[in-house]
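Below: the structure, in C-alpha cells.
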Amino acid sequence: MTIDNYYIADQFSLLAKLMDIHGENSFKAKSYSTAAFTIEKLPQQLSDIPADKLSSIKGIGDSAAKKIIEILQTGELSVLHEIIAKTPPGVIEMLNIKGLGPKKIATVWKEMGIESLGELLYACNENRLTLYKGFGEKTQKNVQDAIEFYFRNQGSHLYAEIETYAMNVQQLLSAQFQEQQFAHTGSFRRQLEIIDELAWVTTATNAVLQPFFEANNYSTVNSTENTLTVKGAENIPLKFYLARPDNFFATLFSTSSSEDFSQAWQSLPGALESATQTFASEEAIFESVKLPWIEPALRETAAILHSPGNGQLIQPTDIKGIIHSHSKWSDGSNTLEEMARACIALSYEYLVISDHSKSAFYANGLTEERIRAQHQEIDELNAKLAPFRIFKSIECDILNDGSLDYADNILSTFDLVIASVHSNLKMTEEKAMMRLLNAIKNPYTTILGHMTGRLLLSRPGYPVNHQQIIEACAEHQVVLEINAHPRRLDIDWRFINAAMQQNVLLSVDPDAHTIDGYADCRFGVLAAQKGGLTKEMNLSSFSRTELENYLAARKTKFAL
C-alpha cells in the first residue's frame, strides 16, 4: 500500500461522507471534505512536508494536520475505523452508486431501513423511493440503472439478468458457425438461480473460436486443449468445452451435471462401460443405464437417481392466475383495472390483489377504511369483467410477536391472506421461528409469503428451520409461496420436494408491482422445476373455479 496524497485524500473524503450519512457535525465534515480536495491537488507529497508546516497549508487546519500525521505514521485513521465499524457495509457500498450522495444514503438507511444495494434495487422495483423526499420518479430510475450497472460488473449474476445475454451469444454463434454444434451447459442449463459463468459444449475448435472472439473485442481468459474461456465488456466469463461429434452428447451430459450427481452416476451399473460409447442423444445415455430421462434442472443431487419423481414438471403455461400482486392502492404502479385487463390479455383466469397492510407505512399500506374502499372497487370490477375474477387479498405483515396486522373482523373480509415478514429482519432463528409459526397457526393465513426474506446476492435472509415450518404448514393447511421475483425465489427450490412429501401446496407468485412483473412467473417456474414441482401441487395452477372451491373448503374447515 502506497501512502501518497491520493490515498490520504481518499481517507478524508470517506470520513466526510460517512459523517454526513450519520448526521454528525456538518462543519467538521465539510472541513474534512475541503482537506480531501486540497490534498489531492497538492503539487508536493505530504510525506515530504515537515509535520509542523502541514496546518499552514490553505484548506488544512490543525485537526486535519493531526490526522495526516496519524496516517503517515500508521497508515490508518482511527476515527475513520470507528465510524466504519458502526456503518453497515452495504451502506458504505452505496457510495459507489452514481446519483447517491450522503444525504440520500442517509434517507435510504435511516428512514427506509435499507442496508444493502440489493435491498435498494428491490425497493426501486417496488416503486418505494418515490414516497420519500428527494426521490422523484426520474431519480429512482437513475438509481435503479446505476445499481444494475454496478452489479453487472461484480462477477455473479441472477439467472434472470443473464438469460438474454446467454441467448444472444447462442444466436450469434449459431449464425457464425452454422456447420458446428453449440449447446448451453453448466449452471445455466441447470437453471441455477445465481450464475458465475456461461458455458457451452461445441464441436467448433479453439483455432476458429479464439480469433472470432478476439476480433469482437473479447479477451482470452484461459485456453487449454479441451476448453476456451473468454470475457467481453459484460464481464461475464464464457467457457467452451471443446468436443468432437462422437463425444458431443457425452460431454454435454457430464458438464450439465453437478459434482454430487456425477459421482452417484458413476456408481450405477453399466455407467463406467457406457462412458466410452458414442451416443446420439442424452436420452440414449440414460437408456444405457436403464433410467428414465432426468431434466438438467434436476441433476443436482444423488437422490434424484433413485427417485426420478412422478408426474410432469410444472411449465410456465401451467400458471392459470396471478397470485400476489400490488396496485396503486399501495406501492404498485398500475390501477386495479389496468392489472386485471393485463391478466385477461395474457389469458389468465384471475388476479389475487394483495396490497400491503397498514404497518407497511413505507409502502402506503392499507388502513381498514381504505380496505373497504378497495373491496368496493373490486366488486364493481368483478361485475364488469366477469367471468374473470379479482380475489380480495392482502399481503399482511407478520408483526414482532407473530400476530397479523389486522383484527379477525378485518381478516375475515378477504378471500385469502398472504402473511409475510417485512420488518425487523435481523433475527435469531428462535425469534424468526416464533413469528413464522404463530402466523402459520392463525387460521386466516392462507399463504406464507417469501419465507426467509432473502434477496439473492444481497441479503441472506433470517435463519429458519425449514422442516419445522413445512410440518406446521401441513398441519394448518398453509400454502408455501415460491416468490418468483428473480431476487427472491423464496422458498429455496432445495426445500420444495420436502414440502410436497408432506402434501403442502406451493404457489408460484410474481409479487408483481407492475404489469410487466407478471413475466417473473416464468423465473419462479424455472426454480420450481429444480425442486420437482408439478402443476397439481401448485396453487397458481388452479383454475378460477378450482381456487374458489379450495378457498371455500378451507374456510369451512376452519369455520372462518
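Ligands are numbered from 1 in the order shown, residues from 1 within each chain, and chains are lettered A, B, ... in the order they appear in the C-alpha cells.
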
Find the residues near A:Ile319: any atom within 9 Å, counting only C-alpha atoms, skip ones fewer than 6 places away on the same chain, and give them as a ChimeraX atom specification. /A:348,508,521-522,525,535,538-543

Residue selection dump (N, CA and C atoms) as a CSV table (one decimal), in the first residue's frame:
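Once written, result_4.csv looks like this:
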chain,number,residue,atom,x,y,z
A,348,TYR,N,-55.0,-15.1,-18.4
A,348,TYR,CA,-55.1,-15.6,-17.0
A,348,TYR,C,-56.6,-15.5,-16.6
A,508,VAL,N,-46.4,-20.5,-7.1
A,508,VAL,CA,-45.5,-19.7,-7.8
A,508,VAL,C,-46.2,-18.3,-8.0
A,521,CYS,N,-43.2,-14.8,-13.3
A,521,CYS,CA,-43.8,-16.1,-13.0
A,521,CYS,C,-42.9,-17.2,-13.7
A,522,ARG,N,-42.3,-16.9,-14.8
A,522,ARG,CA,-41.5,-17.8,-15.5
A,522,ARG,C,-40.3,-18.2,-14.7
A,525,VAL,N,-41.2,-20.5,-12.1
A,525,VAL,CA,-41.4,-21.9,-12.6
A,525,VAL,C,-40.0,-22.6,-12.8
A,535,LYS,N,-47.6,-29.3,-11.5
A,535,LYS,CA,-48.7,-28.3,-11.5
A,535,LYS,C,-49.8,-28.7,-10.5
A,538,ASN,N,-49.3,-27.0,-7.3
A,538,ASN,CA,-49.0,-25.5,-7.3
A,538,ASN,C,-50.4,-24.8,-7.3
A,539,LEU,N,-50.6,-23.9,-6.3
A,539,LEU,CA,-51.9,-23.2,-6.2
A,539,LEU,C,-52.2,-22.3,-7.4
A,540,SER,N,-51.2,-21.6,-7.9
A,540,SER,CA,-51.4,-20.7,-9.0
A,540,SER,C,-51.7,-21.4,-10.3
A,541,SER,N,-51.6,-22.8,-10.3
A,541,SER,CA,-52.0,-23.6,-11.5
A,541,SER,C,-53.5,-24.0,-11.4
A,542,PHE,N,-54.1,-23.7,-10.3
A,542,PHE,CA,-55.5,-24.0,-10.1
A,542,PHE,C,-56.3,-23.1,-11.1
A,543,SER,N,-57.4,-23.6,-11.6
A,543,SER,CA,-58.3,-22.7,-12.4
A,543,SER,C,-59.0,-21.8,-11.5

Taking 5 positions as the minimum chain separation for residues in the same chain, which residues sit within 10 Å of A:Glu273 when counting only C-alpha atoms? Answer as a list in words.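 Neighbouring residues, sequence-local ones excluded: Gln266, Ser288 and Val289 of chain A.
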
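Nearest-residue note for A:Ile353: choosing from A:Lys555, A:Lys392, A:Lys530, A:His466, the minimum distance belongs to A:Lys392, counting only C-alpha atoms.
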
DSSP helix (DSSP H, G or I) selection over stretch 368-470 of chain A, as a PyMOL selection string: chain A and resi 368-385+408-411+429-441+466-470

Interatomic distance between atom CA of A:Phe151 and atom CA of A:Ala233? 13.4 Å

Determine, counting only C-alpha atoms, which protein, DNA and RNA residues have an atom within 9 Å of an atom of A:Leu298; residues of the same chain fewer than 4 positions away are not included. Present the result as a PyMOL selection string. chain A and resi 190+257+294+304+308+529-532

Per residue of stretch 79-169 of chain A within 12 Å of stretch 422-445 of chain A, note the shortest atom pair and the distance in Å to one decimal, counting only C-alpha atoms, and order the rows by chain and increasing residue number, as CSV.
residue,atom,partner,partner_atom,distance
A:Met112,CA,A:Ser423,CA,10.6
A:Gly113,CA,A:Ser423,CA,8.8
A:Ile114,CA,A:Ser423,CA,10.7
A:Glu115,CA,A:Leu425,CA,11.1
A:Glu119,CA,A:His422,CA,11.7

From A:Trp493, A:Phe361, A:Trp109, A:Tyr132, residue lying nearest A:Glu300 [only C-alpha atoms]: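 Between A:Trp493, A:Phe361, A:Trp109, A:Tyr132, the residue approaching A:Glu300 most closely is A:Trp493.
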
For A:Ser156, please output as a list in words all residues within 10 Å (counting only C-alpha atoms; exclusion window: fewer than 3 positions along the same chain).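 Returned residues: Phe151, Arg152, Asn153, Tyr159, Ile162, Ile194, Ile195, Asp196, Glu197, Asn235, Ile236 and Leu457 of chain A.
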
Hey, can you spit out that residue selection with N, CA and C atoms as a PDB file, in the first residue's frame?
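To be explicit, this is the file written out as again04.pdb:
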ATOM      1  N   PHE A 151     -23.882  -3.901 -10.465  1.00  0.00           N
ATOM      2  CA  PHE A 151     -23.960  -5.346 -10.251  1.00  0.00           C
ATOM      3  C   PHE A 151     -23.409  -6.127 -11.444  1.00  0.00           C
ATOM      4  N   ARG A 152     -23.637  -5.585 -12.647  1.00  0.00           N
ATOM      5  CA  ARG A 152     -23.158  -6.285 -13.846  1.00  0.00           C
ATOM      6  C   ARG A 152     -21.638  -6.432 -13.853  1.00  0.00           C
ATOM      7  N   ASN A 153     -20.960  -5.639 -13.077  1.00  0.00           N
ATOM      8  CA  ASN A 153     -19.506  -5.656 -13.066  1.00  0.00           C
ATOM      9  C   ASN A 153     -18.925  -6.313 -11.810  1.00  0.00           C
ATOM     10  N   TYR A 159     -29.920 -15.413 -12.601  1.00  0.00           N
ATOM     11  CA  TYR A 159     -30.295 -16.103 -13.843  1.00  0.00           C
ATOM     12  C   TYR A 159     -31.096 -15.173 -14.743  1.00  0.00           C
ATOM     13  N   ILE A 162     -29.031 -12.585 -16.677  1.00  0.00           N
ATOM     14  CA  ILE A 162     -28.034 -13.081 -17.633  1.00  0.00           C
ATOM     15  C   ILE A 162     -28.661 -13.843 -18.794  1.00  0.00           C
ATOM     16  N   ILE A 194     -28.178 -18.388  -9.373  1.00  0.00           N
ATOM     17  CA  ILE A 194     -27.026 -17.493  -9.470  1.00  0.00           C
ATOM     18  C   ILE A 194     -26.010 -18.112 -10.429  1.00  0.00           C
ATOM     19  N   ILE A 195     -25.559 -17.306 -11.383  1.00  0.00           N
ATOM     20  CA  ILE A 195     -24.656 -17.780 -12.430  1.00  0.00           C
ATOM     21  C   ILE A 195     -23.339 -17.004 -12.362  1.00  0.00           C
ATOM     22  N   ASP A 196     -22.227 -17.722 -12.304  1.00  0.00           N
ATOM     23  CA  ASP A 196     -20.906 -17.090 -12.298  1.00  0.00           C
ATOM     24  C   ASP A 196     -20.252 -17.111 -13.677  1.00  0.00           C
ATOM     25  N   GLU A 197     -20.639 -18.065 -14.518  1.00  0.00           N
ATOM     26  CA  GLU A 197     -20.124 -18.118 -15.877  1.00  0.00           C
ATOM     27  C   GLU A 197     -21.158 -18.792 -16.776  1.00  0.00           C
ATOM     28  N   ASN A 235     -18.343  -8.484 -18.769  1.00  0.00           N
ATOM     29  CA  ASN A 235     -17.624  -9.027 -17.611  1.00  0.00           C
ATOM     30  C   ASN A 235     -18.153 -10.394 -17.174  1.00  0.00           C
ATOM     31  N   ILE A 236     -18.686 -11.157 -18.111  1.00  0.00           N
ATOM     32  CA  ILE A 236     -19.213 -12.492 -17.834  1.00  0.00           C
ATOM     33  C   ILE A 236     -18.323 -13.520 -18.534  1.00  0.00           C
ATOM     34  N   LEU A 457     -27.893 -12.409  -3.673  1.00  0.00           N
ATOM     35  CA  LEU A 457     -26.691 -11.600  -3.866  1.00  0.00           C
ATOM     36  C   LEU A 457     -26.661 -10.358  -2.982  1.00  0.00           C
TER      37      LEU A 457
END

Residue nearest A:His22 among A:Gly61, A:Phe37, A:Phe188, A:Lys110 (counting only C-alpha atoms):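 Residue with the minimum atom-to-atom distance to A:His22: A:Lys110.
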
Determine, counting only C-alpha atoms, which protein, DNA and RNA residues have an atom within 7 Å of an atom of stretch 203-210 of chain A; residues of the same chain fewer than 2 positions away are not included. Present the result as a VMD selection string. chain A and resid 180 to 181 212 to 214 228 242 to 245

For A:Leu54, find every residue with an atom within 6 Å (counting only C-alpha atoms), except residues of its own chain fewer than 3 positions away, and show them as a PyMOL selection string. chain A and resi 51+57+65

In terms of the shortest atom-to-atom distance over only C-alpha atoms, which of A:Ile105, A:Ile418, A:Leu121, A:Ile69 is closest to A:Ser47?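 That would be A:Ile69, the residue with the smallest distance to A:Ser47.
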
Env of stretch 514-516 of chain A: 12 Å cut, atoms = only C-alpha atoms, seq-sep filter 3 positions within chain, self excluded. Answer as a ChimeraX atom specification. /A:124-127,322,324-328,330-346,351,353,485,510-511,519-522

May I ask which of the residues A:Glu111, A:Asp246, A:Glu349, A:Asp509 is the closest one to A:Glu548, counting only C-alpha atoms? A:Glu349
